[in-house]
file structure_16.csv (CSV, C-alpha atoms)
chain,number,residue,atom,x,y,z
A,1,MET,CA,-20.1,26.5,-2.1
A,2,GLY,CA,-23.5,28.2,-1.3
A,3,SER,CA,-22.5,28.9,2.3
A,4,LEU,CA,-19.2,30.5,1.2
A,5,LEU,CA,-21.0,32.7,-1.3
A,6,ALA,CA,-23.5,33.7,1.4
A,7,THR,CA,-20.5,34.6,3.7
A,8,PHE,CA,-18.9,36.8,1.1
A,9,SER,CA,-22.2,38.6,0.4
A,10,ALA,CA,-22.9,39.1,4.1
A,11,ALA,CA,-19.4,40.5,4.6
A,12,LEU,CA,-19.7,42.9,1.8
A,13,GLU,CA,-23.2,44.1,2.8
A,14,ALA,CA,-22.0,44.6,6.4
A,15,ARG,CA,-19.3,46.9,5.1
A,16,ASP,CA,-21.5,48.8,2.7
A,17,PRO,CA,-25.2,49.0,3.3
A,18,TYR,CA,-25.7,50.4,-0.2
A,19,LEU,CA,-24.6,47.1,-1.6
A,20,ARG,CA,-27.4,45.2,0.2
A,21,GLY,CA,-29.1,43.1,-2.4
A,22,HIS,CA,-26.9,44.5,-5.2
A,23,SER,CA,-25.4,41.2,-6.3
A,24,ALA,CA,-28.8,39.4,-6.4
A,25,ARG,CA,-30.4,42.2,-8.4
A,26,VAL,CA,-27.4,42.4,-10.8
A,27,THR,CA,-27.6,38.6,-11.3
A,28,ALA,CA,-31.3,38.7,-11.9
A,29,PHE,CA,-31.0,41.5,-14.5
A,30,ALA,CA,-28.0,39.7,-16.2
A,31,GLU,CA,-29.9,36.5,-16.3
A,32,GLY,CA,-32.9,38.2,-17.9
A,33,LEU,CA,-30.6,39.6,-20.5
A,34,ALA,CA,-28.8,36.3,-21.1
A,35,LEU,CA,-32.2,34.4,-21.5
A,36,THR,CA,-33.1,37.0,-24.1
A,37,LEU,CA,-29.9,36.2,-25.9
A,38,GLY,CA,-30.7,32.5,-25.8
A,39,TRP,CA,-28.1,31.4,-23.2
A,40,LYS,CA,-28.7,27.8,-21.9
A,41,ARG,CA,-28.6,26.1,-18.5
A,42,SER,CA,-24.8,25.6,-17.9
A,43,ARG,CA,-24.0,29.1,-19.1
A,44,LEU,CA,-26.7,30.5,-16.9
A,45,GLU,CA,-25.4,28.7,-13.9
A,46,THR,CA,-22.0,30.2,-14.5
A,47,LEU,CA,-23.6,33.6,-14.9
A,48,ARG,CA,-25.3,33.2,-11.5
A,49,LEU,CA,-22.0,32.4,-9.9
A,50,GLY,CA,-20.3,35.3,-11.6
A,51,GLY,CA,-23.0,37.7,-10.6
A,52,SER,CA,-22.9,36.6,-7.0
A,53,LEU,CA,-19.1,37.1,-6.9
A,54,HIS,CA,-18.6,40.1,-9.2
A,55,ASP,CA,-17.9,42.6,-6.4
A,56,VAL,CA,-16.1,40.3,-4.0
A,57,GLY,CA,-12.9,42.3,-4.4
A,58,LYS,CA,-14.6,45.2,-2.6
A,59,ILE,CA,-13.9,43.3,0.6
A,60,ALA,CA,-10.4,44.8,0.4
A,61,VAL,CA,-11.6,48.4,-0.1
A,62,ASP,CA,-11.7,50.7,2.9
A,63,ALA,CA,-15.3,50.8,4.1
A,64,ARG,CA,-15.1,54.6,4.5
A,65,ILE,CA,-14.5,54.8,0.8
A,66,LEU,CA,-17.4,52.6,0.0
A,67,ARG,CA,-19.7,54.8,2.1
A,68,LYS,CA,-18.2,58.2,1.2
A,69,PRO,CA,-21.0,60.7,0.5
A,70,GLY,CA,-19.1,62.8,-2.0
A,71,PRO,CA,-16.7,62.5,-4.9
A,72,LEU,CA,-13.7,60.2,-4.5
A,73,ASP,CA,-10.2,61.6,-4.8
A,74,GLU,CA,-7.6,59.9,-7.0
A,75,ARG,CA,-6.2,57.6,-4.3
A,76,GLU,CA,-9.7,56.5,-3.4
A,77,LEU,CA,-10.6,55.9,-7.0
A,78,ALA,CA,-7.5,53.8,-7.4
A,79,GLN,CA,-8.5,51.6,-4.5
A,80,ILE,CA,-12.0,51.1,-6.0
A,81,ARG,CA,-10.5,50.3,-9.4
A,82,ARG,CA,-8.4,47.5,-7.9
A,83,HIS,CA,-11.5,45.5,-6.7
A,84,PRO,CA,-11.8,43.5,-9.9
A,85,VAL,CA,-8.2,42.3,-9.7
A,86,THR,CA,-8.5,41.6,-6.0
A,87,GLY,CA,-11.7,39.7,-6.6
A,88,ALA,CA,-10.1,37.7,-9.4
A,89,ARG,CA,-7.3,36.7,-7.0
A,90,LEU,CA,-9.8,35.5,-4.5
A,91,VAL,CA,-11.9,33.6,-7.1
A,92,GLU,CA,-8.8,31.9,-8.5
A,93,SER,CA,-8.0,30.5,-5.1
A,94,PHE,CA,-11.3,28.4,-5.2
A,95,ALA,CA,-11.5,25.8,-8.0
A,96,ASP,CA,-15.3,25.8,-7.8
A,97,PHE,CA,-15.3,29.6,-8.4
A,98,GLU,CA,-12.9,29.8,-11.4
A,99,PRO,CA,-15.7,29.8,-14.0
A,100,ALA,CA,-16.7,33.2,-12.5
A,101,LEU,CA,-13.4,34.8,-13.4
A,102,PRO,CA,-14.4,36.7,-16.5
A,103,TYR,CA,-17.4,38.3,-14.6
A,104,VAL,CA,-15.3,39.3,-11.6
A,105,LEU,CA,-12.2,40.6,-13.5
A,106,HIS,CA,-13.8,42.4,-16.5
A,107,HIS,CA,-17.2,43.7,-15.4
A,108,HIS,CA,-15.9,47.3,-15.4
A,109,GLU,CA,-14.3,47.2,-18.8
A,110,ARG,CA,-15.9,49.5,-21.4
A,111,TRP,CA,-16.8,49.0,-25.0
A,112,ASP,CA,-14.6,52.1,-25.9
A,113,GLY,CA,-11.6,50.8,-24.0
A,114,GLU,CA,-11.8,53.4,-21.2
A,115,GLY,CA,-12.7,50.9,-18.5
A,116,TYR,CA,-10.6,49.0,-15.9
A,117,PRO,CA,-8.6,47.1,-15.0
A,118,HIS,CA,-7.1,46.2,-18.4
A,119,ARG,CA,-8.7,48.8,-20.7
A,120,LEU,CA,-10.0,46.1,-22.9
A,121,ARG,CA,-12.1,47.3,-25.9
A,122,GLY,CA,-15.1,45.9,-27.8
A,123,GLU,CA,-15.3,42.2,-28.4
A,124,ALA,CA,-11.9,41.7,-26.6
A,125,ILE,CA,-14.0,42.0,-23.4
A,126,PRO,CA,-15.5,38.6,-22.6
A,127,VAL,CA,-19.2,38.6,-23.5
A,128,GLU,CA,-20.0,37.4,-19.9
A,129,ALA,CA,-18.5,40.6,-18.5
A,130,ARG,CA,-20.3,42.7,-21.1
A,131,VAL,CA,-23.6,41.2,-20.1
A,132,LEU,CA,-22.9,41.7,-16.4
A,133,GLY,CA,-21.6,45.2,-17.0
A,134,VAL,CA,-24.9,46.4,-18.4
A,135,ALA,CA,-26.8,44.7,-15.6
A,136,ASP,CA,-24.4,46.1,-12.9
A,137,ALA,CA,-24.6,49.7,-14.3
A,138,PHE,CA,-28.4,49.5,-14.5
A,139,ASP,CA,-28.7,48.4,-10.9
A,140,ALA,CA,-26.1,51.0,-9.7
A,141,MET,CA,-28.1,53.8,-11.5
A,142,THR,CA,-31.5,52.7,-10.1
A,143,SER,CA,-30.2,52.3,-6.5
A,144,LEU,CA,-29.6,54.9,-3.9
A,145,ARG,CA,-25.9,55.5,-3.4
A,146,PRO,CA,-24.1,57.7,-0.7
A,147,TYR,CA,-23.0,60.1,-3.4
A,148,ARG,CA,-26.3,60.5,-5.4
A,149,PRO,CA,-30.0,59.6,-5.4
A,150,ALA,CA,-31.3,56.7,-7.5
A,151,LEU,CA,-32.4,57.4,-11.1
A,152,SER,CA,-35.8,56.4,-12.2
A,153,ILE,CA,-36.1,53.3,-14.4
A,154,GLU,CA,-36.7,55.5,-17.5
A,155,GLN,CA,-33.7,57.7,-16.7
A,156,ALA,CA,-31.5,54.6,-16.4
A,157,LEU,CA,-32.8,53.0,-19.6
A,158,ALA,CA,-32.1,56.3,-21.4
A,159,GLU,CA,-28.6,56.3,-20.0
A,160,LEU,CA,-28.0,52.8,-21.3
A,161,GLU,CA,-29.2,53.9,-24.7
A,162,ARG,CA,-27.0,57.1,-24.5
A,163,CYS,CA,-23.9,55.1,-23.5
A,164,ALA,CA,-24.4,52.2,-26.0
A,165,GLY,CA,-21.2,52.1,-28.1
A,166,THR,CA,-19.1,53.9,-25.5
A,167,GLN,CA,-19.5,52.3,-22.1
A,168,PHE,CA,-21.7,49.4,-23.2
A,169,ASP,CA,-21.7,46.9,-26.0
A,170,PRO,CA,-24.4,48.5,-28.2
A,171,ARG,CA,-26.2,45.3,-29.1
A,172,LEU,CA,-26.4,44.3,-25.4
A,173,ALA,CA,-27.5,47.7,-24.2
A,174,GLU,CA,-30.2,47.8,-26.9
A,175,THR,CA,-31.3,44.2,-26.1
A,176,PHE,CA,-31.5,45.1,-22.3
A,177,VAL,CA,-33.6,48.2,-23.0
A,178,ASP,CA,-35.9,46.3,-25.3
A,179,GLY,CA,-36.1,43.4,-23.0
A,180,TRP,CA,-37.0,45.6,-20.1
A,181,ARG,CA,-39.7,47.4,-22.0
A,182,ARG,CA,-41.2,44.1,-23.2
A,183,GLY,CA,-41.1,42.7,-19.6
A,184,ALA,CA,-38.5,40.0,-20.4
A,185,ILE,CA,-36.2,41.6,-17.9
A,186,ALA,CA,-37.6,42.9,-14.6
A,187,ALA,CA,-36.8,43.8,-11.0
call {"tool": "encode", "arguments": {"input": "structure_16.csv", "output": "structure tokens"}}
result
Amino acid sequence: MGSLLATFSAALEARDPYLRGHSARVTAFAEGLALTLGWKRSRLETLRLGGSLHDVGKIAVDARILRKPGPLDERELAQIRRHPVTGARLVESFADFEPALPYVLHHHERWDGEGYPHRLRGEAIPVEARVLGVADAFDAMTSLRPYRPALSIEQALAELERCAGTQFDPRLAETFVDGWRRGAIAA
């Protein structure tokens, strides 16, 4: 299973150099948050799998879109927004990966129901995806992207606080920010 994960990661990173290390960082941030929440061993193992696979659906996104330096048009956005469903289909085809499904399918849902792919709202979003969503957004904000420079850690933490209750589960966003400031979550 480990070699298959490595193959998926290498394929994604080859298509989009901005994703280099992204899954590992997201997984580490999510694991720090989960430990702060008191998650135990088997749940953490599933989180690691989900974090590793969360963007696997981007393998089907045109590489030019992934590397585009400016804003995406509606067609390009639609292709990006399909990656959780595409990833879920890939994950479902491997019995060993099925526990990762909530992470892969729902990590772009939003607390206010404005996310994708299913516009789930609040606690209807699996907690696994809510945890990963905070970690994923934090890494995206603090990483250089083709369309914008990286934010500082403090800017990203402020953005998590600002978007608590809209984009993010407010309790999880607050716990992440507090955990980061206490050193329980780190790069």
call {"tool": "atom_distance", "arguments": {"input": "structure_16.csv", "atom1": "CA of Asp136 (chain A)", "atom2": "CA of Asp96 (chain A)"}}
result
22.8 Å
call {"tool": "closest_residue", "arguments": {"input": "structure_16.csv", "among": "A:Gly115, A:Gly51, A:Gly70, A:Gly183", "to": "Ser23 (chain A)", "atoms": "all atoms listed in the file"}}
result
A:Gly51
call {"tool": "atom_distance", "arguments": {"input": "structure_16.csv", "atom1": "CA of Val85 (chain A)", "atom2": "CA of Phe97 (chain A)"}}
result
14.6 Å
call {"tool": "residues_around", "arguments": {"input": "structure_16.csv", "residues": "Glu159 (chain A)", "least_positions_apart": "4", "cutoff": "9 Å", "atoms": "all atoms listed in the file", "output": "ChimeraX atom specification"}}
result
/A:138,141,154-155,163-164
call {"tool": "residues_near_point", "arguments": {"input": "structure_16.csv", "point": "(-19.9, 40.8, 2.0)", "cutoff": "12 Å", "atoms": "only C-alpha atoms", "output": "PyMOL selection string"}}
result
chain A and resi 4-23+52-61+63+87
call {"tool": "write_last_selection", "arguments": {"input": "structure_16.csv", "atoms": "C-alpha atoms", "output": "short mmCIF file (atom, residue, chain, number, x, y, z; two decimals), keeping the file's coordinate frame"}}
result
data_model
loop_
_atom_site.label_atom_id
_atom_site.label_comp_id
_atom_site.auth_asym_id
_atom_site.auth_seq_id
_atom_site.Cartn_x
_atom_site.Cartn_y
_atom_site.Cartn_z
CA LEU A 4 -19.20 30.50 1.20
CA LEU A 5 -21.00 32.70 -1.30
CA ALA A 6 -23.50 33.70 1.40
CA THR A 7 -20.50 34.60 3.70
CA PHE A 8 -18.90 36.80 1.10
CA SER A 9 -22.20 38.60 0.40
CA ALA A 10 -22.90 39.10 4.10
CA ALA A 11 -19.40 40.50 4.60
CA LEU A 12 -19.70 42.90 1.80
CA GLU A 13 -23.20 44.10 2.80
CA ALA A 14 -22.00 44.60 6.40
CA ARG A 15 -19.30 46.90 5.10
CA ASP A 16 -21.50 48.80 2.70
CA PRO A 17 -25.20 49.00 3.30
CA TYR A 18 -25.70 50.40 -0.20
CA LEU A 19 -24.60 47.10 -1.60
CA ARG A 20 -27.40 45.20 0.20
CA GLY A 21 -29.10 43.10 -2.40
CA HIS A 22 -26.90 44.50 -5.20
CA SER A 23 -25.40 41.20 -6.30
CA SER A 52 -22.90 36.60 -7.00
CA LEU A 53 -19.10 37.10 -6.90
CA HIS A 54 -18.60 40.10 -9.20
CA ASP A 55 -17.90 42.60 -6.40
CA VAL A 56 -16.10 40.30 -4.00
CA GLY A 57 -12.90 42.30 -4.40
CA LYS A 58 -14.60 45.20 -2.60
CA ILE A 59 -13.90 43.30 0.60
CA ALA A 60 -10.40 44.80 0.40
CA VAL A 61 -11.60 48.40 -0.10
CA ALA A 63 -15.30 50.80 4.10
CA GLY A 87 -11.70 39.70 -6.60
#
call {"tool": "residues_around", "arguments": {"input": "structure_16.csv", "residues": "region 116-133 of chain A", "least_positions_apart": "6", "cutoff": "8 Å", "atoms": "all atoms listed in the file", "output": "list in words"}}
result
Val26, Thr27, Ala30, Leu33, Ala34, Leu47, Gly51, Arg81, Arg82, Pro84, Val85, Pro102, Tyr103, Val104, Leu105, His106, His107, His108, Glu109, Arg110, Phe168, Asp169 and Leu172 of chain A
call {"tool": "atom_distance", "arguments": {"input": "structure_16.csv", "atom1": "CA of Phe29 (chain A)", "atom2": "CA of Ala135 (chain A)"}}
result
5.4 Å
call {"tool": "residues_near_point", "arguments": {"input": "structure_16.csv", "point": "(-37.6, 43.5, -17.8)", "cutoff": "12 Å", "atoms": "all atoms listed in the file", "output": "PyMOL selection string"}}
result
chain A and resi 25+28-36+135+138+153+157+175-187
call {"tool": "write_last_selection", "arguments": {"input": "structure_16.csv", "atoms": "C-alpha atoms", "output": "compact mmCIF listing (two decimals), in the coordinates of the input"}}
result
# COMPACT_ATOMS: atom_id res chain seq x y z
CA ARG A 25 -30.40 42.20 -8.40
CA ALA A 28 -31.30 38.70 -11.90
CA PHE A 29 -31.00 41.50 -14.50
CA ALA A 30 -28.00 39.70 -16.20
CA GLU A 31 -29.90 36.50 -16.30
CA GLY A 32 -32.90 38.20 -17.90
CA LEU A 33 -30.60 39.60 -20.50
CA ALA A 34 -28.80 36.30 -21.10
CA LEU A 35 -32.20 34.40 -21.50
CA THR A 36 -33.10 37.00 -24.10
CA ALA A 135 -26.80 44.70 -15.60
CA PHE A 138 -28.40 49.50 -14.50
CA ILE A 153 -36.10 53.30 -14.40
CA LEU A 157 -32.80 53.00 -19.60
CA THR A 175 -31.30 44.20 -26.10
CA PHE A 176 -31.50 45.10 -22.30
CA VAL A 177 -33.60 48.20 -23.00
CA ASP A 178 -35.90 46.30 -25.30
CA GLY A 179 -36.10 43.40 -23.00
CA TRP A 180 -37.00 45.60 -20.10
CA ARG A 181 -39.70 47.40 -22.00
CA ARG A 182 -41.20 44.10 -23.20
CA GLY A 183 -41.10 42.70 -19.60
CA ALA A 184 -38.50 40.00 -20.40
CA ILE A 185 -36.20 41.60 -17.90
CA ALA A 186 -37.60 42.90 -14.60
CA ALA A 187 -36.80 43.80 -11.00
call {"tool": "residues_around", "arguments": {"input": "structure_16.csv", "residues": "Pro99 (chain A)", "least_positions_apart": "5", "cutoff": "10 Å", "atoms": "all atoms listed in the file", "output": "PyMOL selection string"}}
result
chain A and resi 43+45-47+49-50+91-92+94+104
call {"tool": "closest_residue", "arguments": {"input": "structure_16.csv", "among": "A:Leu160, A:Leu144, A:Ala24, A:Leu151", "to": "Pro69 (chain A)", "atoms": "all atoms listed in the file"}}
result
A:Leu144
call {"tool": "decode", "arguments": {"input": "structure_16.csv", "residues": "region 67-108 of chain A", "atoms": "N, CA and C atoms", "output": "PDB file, in the first residue's frame"}}
result
ATOM      1  N   ARG A  67      -1.092  24.667 -12.869  1.00  0.00           N
ATOM      2  CA  ARG A  67       0.055  25.582 -12.842  1.00  0.00           C
ATOM      3  C   ARG A  67      -0.285  26.988 -13.334  1.00  0.00           C
ATOM      4  N   LYS A  68      -1.537  27.249 -13.627  1.00  0.00           N
ATOM      5  CA  LYS A  68      -1.915  28.542 -14.203  1.00  0.00           C
ATOM      6  C   LYS A  68      -1.584  29.685 -13.237  1.00  0.00           C
ATOM      7  N   PRO A  69      -0.906  30.727 -13.735  1.00  0.00           N
ATOM      8  CA  PRO A  69      -0.477  31.810 -12.852  1.00  0.00           C
ATOM      9  C   PRO A  69      -1.562  32.833 -12.491  1.00  0.00           C
ATOM     10  N   GLY A  70      -2.685  32.801 -13.153  1.00  0.00           N
ATOM     11  CA  GLY A  70      -3.714  33.795 -12.868  1.00  0.00           C
ATOM     12  C   GLY A  70      -5.015  33.156 -12.442  1.00  0.00           C
ATOM     13  N   PRO A  71      -6.061  33.969 -12.383  1.00  0.00           N
ATOM     14  CA  PRO A  71      -7.365  33.442 -11.974  1.00  0.00           C
ATOM     15  C   PRO A  71      -7.878  32.385 -12.964  1.00  0.00           C
ATOM     16  N   LEU A  72      -8.641  31.448 -12.443  1.00  0.00           N
ATOM     17  CA  LEU A  72      -9.224  30.406 -13.274  1.00  0.00           C
ATOM     18  C   LEU A  72     -10.567  30.871 -13.814  1.00  0.00           C
ATOM     19  N   ASP A  73     -10.884  30.470 -15.056  1.00  0.00           N
ATOM     20  CA  ASP A  73     -12.208  30.763 -15.591  1.00  0.00           C
ATOM     21  C   ASP A  73     -13.190  29.700 -15.085  1.00  0.00           C
ATOM     22  N   GLU A  74     -14.447  29.839 -15.412  1.00  0.00           N
ATOM     23  CA  GLU A  74     -15.486  28.935 -14.898  1.00  0.00           C
ATOM     24  C   GLU A  74     -15.248  27.478 -15.300  1.00  0.00           C
ATOM     25  N   ARG A  75     -14.816  27.260 -16.526  1.00  0.00           N
ATOM     26  CA  ARG A  75     -14.546  25.890 -16.980  1.00  0.00           C
ATOM     27  C   ARG A  75     -13.393  25.279 -16.192  1.00  0.00           C
ATOM     28  N   GLU A  76     -12.360  26.068 -15.962  1.00  0.00           N
ATOM     29  CA  GLU A  76     -11.206  25.584 -15.202  1.00  0.00           C
ATOM     30  C   GLU A  76     -11.578  25.324 -13.738  1.00  0.00           C
ATOM     31  N   LEU A  77     -12.353  26.227 -13.163  1.00  0.00           N
ATOM     32  CA  LEU A  77     -12.824  26.024 -11.787  1.00  0.00           C
ATOM     33  C   LEU A  77     -13.654  24.755 -11.674  1.00  0.00           C
ATOM     34  N   ALA A  78     -14.495  24.515 -12.653  1.00  0.00           N
ATOM     35  CA  ALA A  78     -15.332  23.305 -12.639  1.00  0.00           C
ATOM     36  C   ALA A  78     -14.448  22.055 -12.641  1.00  0.00           C
ATOM     37  N   GLN A  79     -13.357  22.094 -13.407  1.00  0.00           N
ATOM     38  CA  GLN A  79     -12.454  20.940 -13.447  1.00  0.00           C
ATOM     39  C   GLN A  79     -11.780  20.736 -12.088  1.00  0.00           C
ATOM     40  N   ILE A  80     -11.327  21.807 -11.473  1.00  0.00           N
ATOM     41  CA  ILE A  80     -10.715  21.723 -10.136  1.00  0.00           C
ATOM     42  C   ILE A  80     -11.728  21.187  -9.131  1.00  0.00           C
ATOM     43  N   ARG A  81     -12.949  21.669  -9.203  1.00  0.00           N
ATOM     44  CA  ARG A  81     -13.982  21.271  -8.230  1.00  0.00           C
ATOM     45  C   ARG A  81     -14.426  19.823  -8.389  1.00  0.00           C
ATOM     46  N   ARG A  82     -14.043  19.177  -9.479  1.00  0.00           N
ATOM     47  CA  ARG A  82     -14.359  17.753  -9.648  1.00  0.00           C
ATOM     48  C   ARG A  82     -13.336  16.839  -8.976  1.00  0.00           C
ATOM     49  N   HIS A  83     -12.190  17.380  -8.555  1.00  0.00           N
ATOM     50  CA  HIS A  83     -11.143  16.501  -8.047  1.00  0.00           C
ATOM     51  C   HIS A  83     -11.544  15.698  -6.813  1.00  0.00           C
ATOM     52  N   PRO A  84     -12.395  16.198  -5.893  1.00  0.00           N
ATOM     53  CA  PRO A  84     -12.781  15.320  -4.775  1.00  0.00           C
ATOM     54  C   PRO A  84     -13.598  14.101  -5.220  1.00  0.00           C
ATOM     55  N   VAL A  85     -14.493  14.279  -6.186  1.00  0.00           N
ATOM     56  CA  VAL A  85     -15.306  13.156  -6.671  1.00  0.00           C
ATOM     57  C   VAL A  85     -14.433  12.181  -7.453  1.00  0.00           C
ATOM     58  N   THR A  86     -13.557  12.708  -8.287  1.00  0.00           N
ATOM     59  CA  THR A  86     -12.635  11.848  -9.031  1.00  0.00           C
ATOM     60  C   THR A  86     -11.750  11.065  -8.069  1.00  0.00           C
ATOM     61  N   GLY A  87     -11.245  11.749  -7.064  1.00  0.00           N
ATOM     62  CA  GLY A  87     -10.418  11.084  -6.067  1.00  0.00           C
ATOM     63  C   GLY A  87     -11.174  10.008  -5.313  1.00  0.00           C
ATOM     64  N   ALA A  88     -12.428  10.304  -4.972  1.00  0.00           N
ATOM     65  CA  ALA A  88     -13.252   9.315  -4.256  1.00  0.00           C
ATOM     66  C   ALA A  88     -13.447   8.064  -5.110  1.00  0.00           C
ATOM     67  N   ARG A  89     -13.661   8.243  -6.401  1.00  0.00           N
ATOM     68  CA  ARG A  89     -13.813   7.078  -7.287  1.00  0.00           C
ATOM     69  C   ARG A  89     -12.541   6.231  -7.308  1.00  0.00           C
ATOM     70  N   LEU A  90     -11.398   6.888  -7.339  1.00  0.00           N
ATOM     71  CA  LEU A  90     -10.128   6.158  -7.305  1.00  0.00           C
ATOM     72  C   LEU A  90      -9.969   5.413  -5.979  1.00  0.00           C
ATOM     73  N   VAL A  91     -10.253   6.097  -4.881  1.00  0.00           N
ATOM     74  CA  VAL A  91     -10.108   5.506  -3.551  1.00  0.00           C
ATOM     75  C   VAL A  91     -11.036   4.309  -3.381  1.00  0.00           C
ATOM     76  N   GLU A  92     -12.254   4.423  -3.882  1.00  0.00           N
ATOM     77  CA  GLU A  92     -13.227   3.328  -3.756  1.00  0.00           C
ATOM     78  C   GLU A  92     -12.778   2.072  -4.488  1.00  0.00           C
ATOM     79  N   SER A  93     -11.903   2.217  -5.457  1.00  0.00           N
ATOM     80  CA  SER A  93     -11.473   1.048  -6.216  1.00  0.00           C
ATOM     81  C   SER A  93     -10.382   0.241  -5.507  1.00  0.00           C
ATOM     82  N   PHE A  94      -9.914   0.715  -4.365  1.00  0.00           N
ATOM     83  CA  PHE A  94      -8.912   0.007  -3.558  1.00  0.00           C
ATOM     84  C   PHE A  94      -9.474  -0.204  -2.159  1.00  0.00           C
ATOM     85  N   ALA A  95      -9.756  -1.434  -1.805  1.00  0.00           N
ATOM     86  CA  ALA A  95     -10.364  -1.733  -0.502  1.00  0.00           C
ATOM     87  C   ALA A  95      -9.538  -1.159   0.655  1.00  0.00           C
ATOM     88  N   ASP A  96      -8.220  -1.209   0.558  1.00  0.00           N
ATOM     89  CA  ASP A  96      -7.366  -0.702   1.634  1.00  0.00           C
ATOM     90  C   ASP A  96      -7.466   0.814   1.810  1.00  0.00           C
ATOM     91  N   PHE A  97      -7.916   1.511   0.767  1.00  0.00           N
ATOM     92  CA  PHE A  97      -7.990   2.970   0.824  1.00  0.00           C
ATOM     93  C   PHE A  97      -9.371   3.487   1.237  1.00  0.00           C
ATOM     94  N   GLU A  98     -10.379   2.632   1.267  1.00  0.00           N
ATOM     95  CA  GLU A  98     -11.748   3.080   1.543  1.00  0.00           C
ATOM     96  C   GLU A  98     -11.909   3.906   2.816  1.00  0.00           C
ATOM     97  N   PRO A  99     -11.175   3.607   3.904  1.00  0.00           N
ATOM     98  CA  PRO A  99     -11.333   4.451   5.099  1.00  0.00           C
ATOM     99  C   PRO A  99     -10.989   5.922   4.857  1.00  0.00           C
ATOM    100  N   ALA A 100     -10.235   6.211   3.797  1.00  0.00           N
ATOM    101  CA  ALA A 100      -9.848   7.584   3.473  1.00  0.00           C
ATOM    102  C   ALA A 100     -10.956   8.363   2.769  1.00  0.00           C
ATOM    103  N   LEU A 101     -12.026   7.709   2.411  1.00  0.00           N
ATOM    104  CA  LEU A 101     -13.075   8.328   1.595  1.00  0.00           C
ATOM    105  C   LEU A 101     -13.595   9.660   2.143  1.00  0.00           C
ATOM    106  N   PRO A 102     -13.936   9.788   3.430  1.00  0.00           N
ATOM    107  CA  PRO A 102     -14.451  11.088   3.896  1.00  0.00           C
ATOM    108  C   PRO A 102     -13.449  12.230   3.704  1.00  0.00           C
ATOM    109  N   TYR A 103     -12.166  11.925   3.869  1.00  0.00           N
ATOM    110  CA  TYR A 103     -11.135  12.948   3.690  1.00  0.00           C
ATOM    111  C   TYR A 103     -11.054  13.392   2.239  1.00  0.00           C
ATOM    112  N   VAL A 104     -11.068  12.432   1.342  1.00  0.00           N
ATOM    113  CA  VAL A 104     -10.897  12.700  -0.090  1.00  0.00           C
ATOM    114  C   VAL A 104     -12.126  13.414  -0.655  1.00  0.00           C
ATOM    115  N   LEU A 105     -13.294  12.920  -0.333  1.00  0.00           N
ATOM    116  CA  LEU A 105     -14.526  13.434  -0.935  1.00  0.00           C
ATOM    117  C   LEU A 105     -14.977  14.768  -0.359  1.00  0.00           C
ATOM    118  N   HIS A 106     -14.740  15.014   0.919  1.00  0.00           N
ATOM    119  CA  HIS A 106     -15.374  16.171   1.574  1.00  0.00           C
ATOM    120  C   HIS A 106     -14.425  17.251   2.078  1.00  0.00           C
ATOM    121  N   HIS A 107     -13.140  17.200   1.757  1.00  0.00           N
ATOM    122  CA  HIS A 107     -12.211  18.174   2.338  1.00  0.00           C
ATOM    123  C   HIS A 107     -12.395  19.598   1.827  1.00  0.00           C
ATOM    124  N   HIS A 108     -13.217  19.808   0.792  1.00  0.00           N
ATOM    125  CA  HIS A 108     -13.507  21.167   0.317  1.00  0.00           C
ATOM    126  C   HIS A 108     -14.929  21.621   0.633  1.00  0.00           C
TER     127      HIS A 108
END
